[in-house]
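**Q** I am sharing data04.pdb, which consists of PDB, C-alpha atoms:
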```pdb
MODEL        1
ATOM      1  CA  MET A 156      11.036 -52.233   5.830  1.00  0.00           C
ATOM      2  CA  TYR A 157       8.323 -50.087   4.257  1.00  0.00           C
ATOM      3  CA  CYS A 158       8.745 -47.511   7.016  1.00  0.00           C
ATOM      4  CA  LEU A 159      12.468 -47.333   6.277  1.00  0.00           C
ATOM      5  CA  ILE A 160      11.842 -46.840   2.549  1.00  0.00           C
ATOM      6  CA  PHE A 161       9.289 -44.107   3.280  1.00  0.00           C
ATOM      7  CA  LEU A 162      11.743 -42.350   5.594  1.00  0.00           C
ATOM      8  CA  ILE A 163      14.523 -42.435   2.986  1.00  0.00           C
ATOM      9  CA  VAL A 164      12.215 -41.063   0.282  1.00  0.00           C
ATOM     10  CA  TYR A 165      11.036 -38.316   2.635  1.00  0.00           C
ATOM     11  CA  LEU A 166      14.573 -37.262   3.481  1.00  0.00           C
ATOM     12  CA  ILE A 167      15.827 -37.091  -0.106  1.00  0.00           C
ATOM     13  CA  THR A 168      12.734 -35.574  -1.709  1.00  0.00           C
ATOM     14  CA  PRO A 169      12.913 -31.760  -1.973  1.00  0.00           C
ATOM     15  CA  MET A 170      10.070 -29.773  -0.491  1.00  0.00           C
ATOM     16  CA  THR A 171       7.695 -28.416  -3.102  1.00  0.00           C
ATOM     17  CA  SER A 172       5.087 -26.690  -0.944  1.00  0.00           C
ATOM     18  CA  LEU A 173       5.570 -23.056  -0.060  1.00  0.00           C
ATOM     19  CA  GLN A 174       6.346 -22.961   3.645  1.00  0.00           C
ATOM     20  CA  ILE A 175       5.512 -19.763   5.537  1.00  0.00           C
ATOM     21  CA  THR A 176       8.482 -18.833   7.716  1.00  0.00           C
ATOM     22  CA  HIS A 177       7.710 -15.219   8.673  1.00  0.00           C
ATOM     23  CA  LYS A 178       4.486 -13.383   9.485  1.00  0.00           C
ATOM     24  CA  LEU A 179       4.394  -9.591   9.141  1.00  0.00           C
ATOM     25  CA  TYR A 180       1.782  -6.859   9.434  1.00  0.00           C
ATOM     26  CA  PHE A 181       1.038  -3.527   7.752  1.00  0.00           C
ATOM     27  CA  ASP A 182      -1.506  -0.879   8.601  1.00  0.00           C
ATOM     28  CA  VAL A 183      -2.913   0.581   5.384  1.00  0.00           C
ATOM     29  CA  ASN A 184      -3.876   4.249   4.995  1.00  0.00           C
ATOM     30  CA  VAL A 185      -5.672   5.935   2.099  1.00  0.00           C
ATOM     31  CA  ASP A 186      -5.254   9.722   2.102  1.00  0.00           C
ATOM     32  CA  GLY A 187      -4.482   9.545   5.808  1.00  0.00           C
ATOM     33  CA  LYS A 188      -7.545   7.428   6.599  1.00  0.00           C
ATOM     34  CA  SER A 189      -6.839   4.124   8.335  1.00  0.00           C
ATOM     35  CA  ILE A 190      -8.299   1.200   6.383  1.00  0.00           C
ATOM     36  CA  GLY A 191      -7.077  -1.637   8.583  1.00  0.00           C
ATOM     37  CA  GLN A 192      -4.284  -4.153   8.907  1.00  0.00           C
ATOM     38  CA  LEU A 193      -2.895  -6.672   6.432  1.00  0.00           C
ATOM     39  CA  ASN A 194      -1.088  -9.742   7.763  1.00  0.00           C
ATOM     40  CA  VAL A 195       1.216 -11.488   5.318  1.00  0.00           C
ATOM     41  CA  GLY A 196       3.198 -14.721   5.376  1.00  0.00           C
ATOM     42  CA  LEU A 197       6.566 -15.068   3.625  1.00  0.00           C
ATOM     43  CA  TYR A 198       8.064 -18.161   1.945  1.00  0.00           C
ATOM     44  CA  GLY A 199      11.536 -18.052   3.459  1.00  0.00           C
ATOM     45  CA  ILE A 200      12.541 -21.594   2.510  1.00  0.00           C
ATOM     46  CA  ASP A 201      11.560 -21.465  -1.143  1.00  0.00           C
ATOM     47  CA  VAL A 202      12.686 -17.920  -2.009  1.00  0.00           C
ATOM     48  CA  PRO A 203      15.063 -16.909   0.804  1.00  0.00           C
ATOM     49  CA  GLN A 204      16.693 -13.912  -0.879  1.00  0.00           C
ATOM     50  CA  ALA A 205      13.431 -12.212  -1.818  1.00  0.00           C
ATOM     51  CA  VAL A 206      12.033 -12.864   1.650  1.00  0.00           C
ATOM     52  CA  GLU A 207      15.125 -11.549   3.412  1.00  0.00           C
ATOM     53  CA  LYS A 208      14.993  -8.291   1.452  1.00  0.00           C
ATOM     54  CA  PHE A 209      11.281  -7.771   2.109  1.00  0.00           C
ATOM     55  CA  TYR A 210      11.661  -8.745   5.757  1.00  0.00           C
ATOM     56  CA  GLN A 211      14.460  -6.249   6.380  1.00  0.00           C
ATOM     57  CA  LEU A 212      12.513  -3.443   4.702  1.00  0.00           C
ATOM     58  CA  THR A 213       9.539  -4.234   6.929  1.00  0.00           C
ATOM     59  CA  ILE A 214      11.247  -4.410  10.317  1.00  0.00           C
ATOM     60  CA  SER A 215      13.881  -1.694   9.845  1.00  0.00           C
ATOM     61  CA  ASP A 216      13.789   1.242  12.270  1.00  0.00           C
ATOM     62  CA  ASP A 217      15.637   3.464   9.794  1.00  0.00           C
ATOM     63  CA  PRO A 218      13.170   5.992   8.309  1.00  0.00           C
ATOM     64  CA  ASN A 219      15.356   6.252   5.212  1.00  0.00           C
ATOM     65  CA  VAL A 220      14.982   2.540   4.553  1.00  0.00           C
ATOM     66  CA  ASN A 221      11.762   1.061   5.906  1.00  0.00           C
ATOM     67  CA  PHE A 222       8.449   0.562   4.137  1.00  0.00           C
ATOM     68  CA  GLU A 223       6.639   2.649   6.723  1.00  0.00           C
ATOM     69  CA  SER A 224       8.254   5.846   5.425  1.00  0.00           C
ATOM     70  CA  ASN A 225       9.055   4.919   1.842  1.00  0.00           C
ATOM     71  CA  ALA A 226       6.419   2.632   0.299  1.00  0.00           C
ATOM     72  CA  HIS A 227       3.206   3.622  -1.483  1.00  0.00           C
ATOM     73  CA  PHE A 228       0.739   1.759  -3.664  1.00  0.00           C
ATOM     74  CA  ASN A 229       0.732   3.853  -6.815  1.00  0.00           C
ATOM     75  CA  PHE A 230      -0.323   1.674  -9.756  1.00  0.00           C
ATOM     76  CA  LEU A 231      -3.360  -0.541 -10.311  1.00  0.00           C
ATOM     77  CA  GLU A 232      -3.847  -2.912 -13.208  1.00  0.00           C
ATOM     78  CA  PRO A 233      -7.587  -3.669 -12.904  1.00  0.00           C
ATOM     79  CA  ASN A 234      -8.389  -7.316 -12.221  1.00  0.00           C
ATOM     80  CA  GLU A 235      -4.678  -8.183 -12.152  1.00  0.00           C
ATOM     81  CA  TYR A 236      -2.505  -6.510  -9.501  1.00  0.00           C
ATOM     82  CA  ILE A 237      -1.734  -3.445  -7.413  1.00  0.00           C
ATOM     83  CA  ARG A 238       1.893  -2.299  -7.247  1.00  0.00           C
ATOM     84  CA  CYS A 239       3.770  -0.833  -4.305  1.00  0.00           C
ATOM     85  CA  THR A 240       6.693   1.449  -5.153  1.00  0.00           C
ATOM     86  CA  TYR A 241       9.662   1.829  -2.822  1.00  0.00           C
ATOM     87  CA  LYS A 242      11.418   5.216  -2.587  1.00  0.00           C
ATOM     88  CA  GLY A 243      13.867   4.488   0.230  1.00  0.00           C
ATOM     89  CA  THR A 244      17.637   4.285   0.205  1.00  0.00           C
ATOM     90  CA  LEU A 245      18.161   0.518   0.390  1.00  0.00           C
ATOM     91  CA  SER A 246      20.177  -0.519  -2.657  1.00  0.00           C
ATOM     92  CA  ASN A 247      18.651  -2.709  -5.341  1.00  0.00           C
ATOM     93  CA  GLY A 248      19.827  -6.145  -6.401  1.00  0.00           C
ATOM     94  CA  GLY A 249      20.688  -9.248  -4.451  1.00  0.00           C
ATOM     95  CA  ILE A 250      18.002 -11.714  -5.582  1.00  0.00           C
ATOM     96  CA  ASP A 251      18.819 -14.730  -7.708  1.00  0.00           C
ATOM     97  CA  PRO A 252      16.490 -14.703 -10.755  1.00  0.00           C
ATOM     98  CA  GLU A 253      16.189 -18.480 -10.422  1.00  0.00           C
ATOM     99  CA  GLU A 254      13.825 -17.833  -7.521  1.00  0.00           C
ATOM    100  CA  LYS A 255      11.271 -16.965 -10.204  1.00  0.00           C
ATOM    101  CA  LEU A 256      11.111 -20.660 -11.087  1.00  0.00           C
ATOM    102  CA  GLN A 257       9.259 -21.283  -7.807  1.00  0.00           C
ATOM    103  CA  SER A 258       6.476 -18.893  -8.769  1.00  0.00           C
ATOM    104  CA  SER A 259       2.867 -19.899  -9.326  1.00  0.00           C
ATOM    105  CA  PHE A 260       0.308 -17.119  -9.604  1.00  0.00           C
ATOM    106  CA  ASP A 261      -2.656 -19.314  -8.799  1.00  0.00           C
ATOM    107  CA  ARG A 262      -4.799 -17.054  -6.604  1.00  0.00           C
ATOM    108  CA  ARG A 263      -5.634 -13.609  -5.298  1.00  0.00           C
ATOM    109  CA  GLY A 264      -3.562 -12.080  -2.523  1.00  0.00           C
ATOM    110  CA  LEU A 265      -0.071 -13.232  -3.524  1.00  0.00           C
ATOM    111  CA  LEU A 266       2.934 -10.955  -3.000  1.00  0.00           C
ATOM    112  CA  ALA A 267       5.568 -10.804  -5.743  1.00  0.00           C
ATOM    113  CA  MET A 268       8.670  -8.792  -6.587  1.00  0.00           C
ATOM    114  CA  VAL A 269       8.459  -6.597  -9.691  1.00  0.00           C
ATOM    115  CA  ASN A 270      11.914  -7.900 -10.635  1.00  0.00           C
ATOM    116  CA  GLU A 271      15.061  -9.182  -8.975  1.00  0.00           C
ATOM    117  CA  ILE A 272      16.862  -5.816  -9.051  1.00  0.00           C
ATOM    118  CA  SER A 273      14.044  -3.699  -7.630  1.00  0.00           C
ATOM    119  CA  ASN A 274      12.517  -3.161  -4.203  1.00  0.00           C
ATOM    120  CA  ASP A 275       9.049  -2.665  -5.722  1.00  0.00           C
ATOM    121  CA  TRP A 276       6.435  -5.396  -5.288  1.00  0.00           C
ATOM    122  CA  PHE A 277       2.807  -6.128  -6.063  1.00  0.00           C
ATOM    123  CA  ILE A 278      -0.236  -8.010  -4.784  1.00  0.00           C
ATOM    124  CA  THR A 279      -2.364 -10.076  -7.127  1.00  0.00           C
ATOM    125  CA  LEU A 280      -6.072  -9.395  -7.529  1.00  0.00           C
ATOM    126  CA  ALA A 281      -6.815 -12.718  -9.243  1.00  0.00           C
ATOM    127  CA  PRO A 282      -5.051 -15.850 -10.520  1.00  0.00           C
ATOM    128  CA  LEU A 283      -2.505 -14.761 -13.151  1.00  0.00           C
ATOM    129  CA  PRO A 284      -1.027 -17.939 -14.672  1.00  0.00           C
ATOM    130  CA  HIS A 285       0.585 -15.995 -17.529  1.00  0.00           C
ATOM    131  CA  LEU A 286       2.992 -14.541 -14.939  1.00  0.00           C
ATOM    132  CA  ASP A 287       4.222 -17.944 -13.734  1.00  0.00           C
ATOM    133  CA  GLY A 288       8.011 -18.089 -13.826  1.00  0.00           C
ATOM    134  CA  HIS A 289       8.368 -14.409 -14.734  1.00  0.00           C
ATOM    135  CA  TYR A 290       8.161 -12.807 -11.286  1.00  0.00           C
ATOM    136  CA  ILE A 291       9.155 -13.936  -7.809  1.00  0.00           C
ATOM    137  CA  VAL A 292       6.212 -14.878  -5.582  1.00  0.00           C
ATOM    138  CA  PHE A 293       7.503 -14.540  -2.030  1.00  0.00           C
ATOM    139  CA  GLY A 294       4.407 -14.446   0.177  1.00  0.00           C
ATOM    140  CA  GLU A 295       0.657 -14.155   0.573  1.00  0.00           C
ATOM    141  CA  ILE A 296      -1.981 -12.314   2.552  1.00  0.00           C
ATOM    142  CA  ILE A 297      -2.890 -14.624   5.438  1.00  0.00           C
ATOM    143  CA  GLN A 298      -5.351 -12.317   7.188  1.00  0.00           C
ATOM    144  CA  GLY A 299      -7.102  -9.113   6.199  1.00  0.00           C
ATOM    145  CA  MET A 300      -8.479  -9.854   2.746  1.00  0.00           C
ATOM    146  CA  GLU A 301     -11.502  -7.737   3.643  1.00  0.00           C
ATOM    147  CA  VAL A 302      -9.118  -4.878   4.482  1.00  0.00           C
ATOM    148  CA  PHE A 303      -7.420  -5.401   1.134  1.00  0.00           C
ATOM    149  CA  GLN A 304     -10.777  -5.171  -0.641  1.00  0.00           C
ATOM    150  CA  ASN A 305     -11.738  -2.073   1.351  1.00  0.00           C
ATOM    151  CA  MET A 306      -8.474  -0.465   0.276  1.00  0.00           C
ATOM    152  CA  LEU A 307      -9.247  -1.249  -3.357  1.00  0.00           C
ATOM    153  CA  ASN A 308     -12.742   0.201  -2.957  1.00  0.00           C
ATOM    154  CA  GLU A 309     -11.222   3.524  -1.856  1.00  0.00           C
ATOM    155  CA  ILE A 310      -8.973   3.785  -4.906  1.00  0.00           C
ATOM    156  CA  THR A 311      -9.515   5.528  -8.223  1.00  0.00           C
ATOM    157  CA  ILE A 312      -7.069   5.598 -11.125  1.00  0.00           C
ATOM    158  CA  ASP A 313      -6.323   7.933 -14.011  1.00  0.00           C
ATOM    159  CA  ASP A 314      -6.040   7.039 -17.696  1.00  0.00           C
ATOM    160  CA  HIS A 315      -2.565   5.594 -17.093  1.00  0.00           C
ATOM    161  CA  ASN A 316      -3.676   3.378 -14.184  1.00  0.00           C
ATOM    162  CA  THR A 317      -1.876   5.600 -11.694  1.00  0.00           C
ATOM    163  CA  ILE A 318      -3.617   5.633  -8.316  1.00  0.00           C
ATOM    164  CA  GLU A 319      -4.990   9.080  -7.525  1.00  0.00           C
ATOM    165  CA  GLN A 320      -4.957   8.689  -3.733  1.00  0.00           C
ATOM    166  CA  ASP A 321      -2.023   8.487  -1.334  1.00  0.00           C
ATOM    167  CA  VAL A 322      -2.061   4.807  -0.335  1.00  0.00           C
ATOM    168  CA  SER A 323       0.647   4.193   2.245  1.00  0.00           C
ATOM    169  CA  LEU A 324       1.834   1.588   4.725  1.00  0.00           C
ATOM    170  CA  ASP A 325       2.061   2.475   8.392  1.00  0.00           C
ATOM    171  CA  ASN A 326       3.115   0.742  11.595  1.00  0.00           C
ATOM    172  CA  CYS A 327       4.855  -2.157   9.829  1.00  0.00           C
ATOM    173  CA  GLY A 328       6.351  -4.987  11.832  1.00  0.00           C
ATOM    174  CA  GLU A 329       6.699  -8.653  12.628  1.00  0.00           C
ATOM    175  CA  LEU A 330       3.976 -10.889  13.999  1.00  0.00           C
ATOM    176  CA  GLU A 331       6.136 -13.972  14.440  1.00  0.00           C
ATOM    177  CA  ILE A 332       8.811 -16.203  12.965  1.00  0.00           C
ATOM    178  CA  VAL A 333       7.419 -19.664  12.267  1.00  0.00           C
ATOM    179  CA  PRO A 334       9.678 -22.382  13.749  1.00  0.00           C
ATOM    180  CA  LEU A 335      11.290 -24.743  11.241  1.00  0.00           C
ATOM    181  CA  ASN A 336      11.866 -28.434  11.766  1.00  0.00           C
ATOM    182  CA  GLN A 337      15.395 -29.804  11.418  1.00  0.00           C
ATOM    183  CA  ARG A 338      14.962 -30.897   7.811  1.00  0.00           C
ATOM    184  CA  GLN A 339      13.597 -27.519   6.759  1.00  0.00           C
ATOM    185  CA  MET A 340      16.447 -25.780   8.551  1.00  0.00           C
ATOM    186  CA  ARG A 341      19.024 -27.917   6.735  1.00  0.00           C
ATOM    187  CA  ASN A 342      17.364 -27.184   3.391  1.00  0.00           C
ATOM    188  CA  LEU A 343      17.368 -23.461   4.109  1.00  0.00           C
ATOM    189  CA  GLN A 344      21.005 -23.485   5.221  1.00  0.00           C
ATOM    190  CA  ASP A 345      22.021 -25.417   2.098  1.00  0.00           C
ATOM    191  CA  THR A 346      20.130 -22.974  -0.121  1.00  0.00           C
ATOM    192  CA  LEU A 347      21.683 -19.926   1.505  1.00  0.00           C
ATOM    193  CA  GLN A 348      25.149 -21.482   1.259  1.00  0.00           C
ATOM    194  CA  MET A 349      24.718 -22.154  -2.465  1.00  0.00           C
ATOM    195  CA  GLU A 350      23.445 -18.624  -3.040  1.00  0.00           C
ATOM    196  CA  ALA A 351      26.388 -17.157  -1.122  1.00  0.00           C
ATOM    197  CA  GLU A 352      28.826 -19.010  -3.382  1.00  0.00           C
ATOM    198  CA  LYS A 353      27.327 -17.558  -6.574  1.00  0.00           C
ATOM    199  CA  PRO A 354      28.838 -14.397  -8.124  1.00  0.00           C
ATOM    200  CA  ALA A 355      27.077 -11.225  -7.017  1.00  0.00           C
ATOM    201  CA  ARG A 356      24.606  -9.729  -9.516  1.00  0.00           C
ATOM    202  CA  THR A 357      24.411  -5.995 -10.098  1.00  0.00           C
ATOM    203  CA  LEU A 358      22.156  -3.655 -11.994  1.00  0.00           C
ATOM    204  CA  HIS A 359      24.874  -3.466 -14.663  1.00  0.00           C
ATOM    205  CA  ASP A 360      24.504  -7.206 -15.256  1.00  0.00           C
ATOM    206  CA  GLU A 361      20.846  -6.713 -16.141  1.00  0.00           C
ATOM    207  CA  LEU A 362      21.356  -3.936 -18.699  1.00  0.00           C
TER     208      LEU A 362
ENDMDL
END
```
How does the structure come out when it is put into structure tokens?

**A**
Amino acid sequence: MYCLIFLIVYLITPMTSLQITHKLYFDVNVDGKSIGQLNVGLYGIDVPQAVEKFYQLTISDDPNVNFESNAHFNFLEPNEYIRCTYKGTLSNGGIDPEEKLQSSFDRRGLLAMVNEISNDWFITLAPLPHLDGHYIVFGEIIQGMEVFQNMLNEITIDDHNTIEQDVSLDNCGELEIVPLNQRQMRNLQDTLQMEAEKPARTLHDEL
């Protein structure tokens, strides 16, 4: 009887932990010098739209679209975050702002979207609880924190916090897709179906 009750509660209780569904890699260069590789995990169940956008920008072979040709870290807020700006041709938009409600900036090394209508993103340098609910956390560094720190050590900024070096991503790609169990797959399918039924948001809607 108790086992049955536990099973029912398990099946009807929504997942609250952030499940890593994709693992990607980036080689980081500073002024053409290779610093090393960052491996990141993405939360595809909790914030599927943000993850799908980031994933496609990472794995694309199109030099007009992918991060490898079009993304640079160009802004550093000391002790808070470093921002990566996207200059490619992929259109903005397409992320439900409600995905921000999943966000908890509780540690260093989290990846977050600058906003739901931009392809820019940032990595946290420390816990930033004042950002909770304001930006979409969609992943985390899972390996290469020492590379991340080495990158930061190579950087200097001007009076406006603009990074003075050319900090680029190179050789971006996918490490693996993490298999989902049946319950997680159903939750993801339900989420994507609900998102597909919502009216499309555009940049005009935000202004």

**Q** Identify, on the basis of only C-alpha atoms, every residue whose closest approach to Pro218 of chain A does not exceed 12 Å; exclude the query and any residue fewer than 4 positions from it along the same chain; express the result as a list in words.

**A**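 Final neighbour list, sorted by chain and number: Leu212, Thr213, Ile214, Phe222, Glu223, Ser224, Asn225, Ala226, Lys242, Gly243, Thr244, Leu245, Asp325, Asn326 and Cys327 of chain A.
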
**Q** Work out how far atom CA of Glu235 of chain A is from atom CA of Ile296 of chain A, in Å to one decimal.

**A**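 So the answer is 15.5 Å.
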
**Q** Here is a test: counting all atoms listed in the file, which residue of A:Arg262, A:Lys208, A:Lys178, A:Arg238 is nearest to Gly196 of chain A?

**A**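 With all atoms listed in the file as the atom set, the closest residue is A:Lys178.
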
**Q** Just to confirm, what's the straight-line distance from atom CA of Thr311 of chain A to atom CA of Val183 of chain A in Å (one decimal)?

**A** 15.9 Å

**Q** Quick check on the file I pasted: which residues fall under the PyMOL selection byres ((chain A and resi 195) around 9)? Write them as a list of chain:residue names.

**A** A:His177, A:Lys178, A:Leu179, A:Tyr180, A:Phe181, A:Leu193, A:Asn194, A:Gly196, A:Leu197, A:Leu266, A:Gly294, A:Glu295, A:Ile296, A:Ile297, A:Gln298, A:Gly299

**Q** Name all residues at most 9 Å from Leu265 of chain A (count all atoms listed in the file; drop same-chain ones fewer than 6 positions away) and give them as a PyMOL selection string.

**A** chain A and resi 277-282+292-296

**Q** Print the selection's residues with C-alpha atoms to a file, as a PDB file, keeping the file's coordinate frame.

**A**
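Generated output (part-v6.pdb):
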```pdb
ATOM      1  CA  PHE A 277       2.807  -6.128  -6.063  1.00  0.00           C
ATOM      2  CA  ILE A 278      -0.236  -8.010  -4.784  1.00  0.00           C
ATOM      3  CA  THR A 279      -2.364 -10.076  -7.127  1.00  0.00           C
ATOM      4  CA  LEU A 280      -6.072  -9.395  -7.529  1.00  0.00           C
ATOM      5  CA  ALA A 281      -6.815 -12.718  -9.243  1.00  0.00           C
ATOM      6  CA  PRO A 282      -5.051 -15.850 -10.520  1.00  0.00           C
ATOM      7  CA  VAL A 292       6.212 -14.878  -5.582  1.00  0.00           C
ATOM      8  CA  PHE A 293       7.503 -14.540  -2.030  1.00  0.00           C
ATOM      9  CA  GLY A 294       4.407 -14.446   0.177  1.00  0.00           C
ATOM     10  CA  GLU A 295       0.657 -14.155   0.573  1.00  0.00           C
ATOM     11  CA  ILE A 296      -1.981 -12.314   2.552  1.00  0.00           C
TER      12      ILE A 296
END
```

**Q** To one decimal in Å, tell me the separation between atom CA of Pro233 of chain A and atom CA of Ser259 of chain A.

**A**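 Pair atom CA of Pro233 of chain A / atom CA of Ser259 of chain A returns 19.6 Å.
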
**Q** So, with only C-alpha atoms as the atoms that count, which of A:Phe209, A:Leu173, A:Glu309, A:Glu271 lies closest to Asp251 of chain A?

**A**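 Among the listed residues, the smallest separation from Asp251 of chain A belongs to A:Glu271.
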
**Q** Starting from the displayed file, determine the output of the PyMOL selection byres ((chain A and resi 317) around 9) and express the residue list as a PyMOL selection string.

**A** chain A and resi 229-232+311-316+318-319

**Q** Since we have the selection now, will you write its residues out, keeping C-alpha atoms, as an mmCIF file, in the coordinates of the input?

**A**
```
data_model
loop_
_atom_site.group_PDB
_atom_site.id
_atom_site.type_symbol
_atom_site.label_atom_id
_atom_site.label_comp_id
_atom_site.auth_asym_id
_atom_site.auth_seq_id
_atom_site.Cartn_x
_atom_site.Cartn_y
_atom_site.Cartn_z
ATOM 1 C CA ASN A 229 0.732 3.853 -6.815
ATOM 2 C CA PHE A 230 -0.323 1.674 -9.756
ATOM 3 C CA LEU A 231 -3.360 -0.541 -10.311
ATOM 4 C CA GLU A 232 -3.847 -2.912 -13.208
ATOM 5 C CA THR A 311 -9.515 5.528 -8.223
ATOM 6 C CA ILE A 312 -7.069 5.598 -11.125
ATOM 7 C CA ASP A 313 -6.323 7.933 -14.011
ATOM 8 C CA ASP A 314 -6.040 7.039 -17.696
ATOM 9 C CA HIS A 315 -2.565 5.594 -17.093
ATOM 10 C CA ASN A 316 -3.676 3.378 -14.184
ATOM 11 C CA ILE A 318 -3.617 5.633 -8.316
ATOM 12 C CA GLU A 319 -4.990 9.080 -7.525
#
```
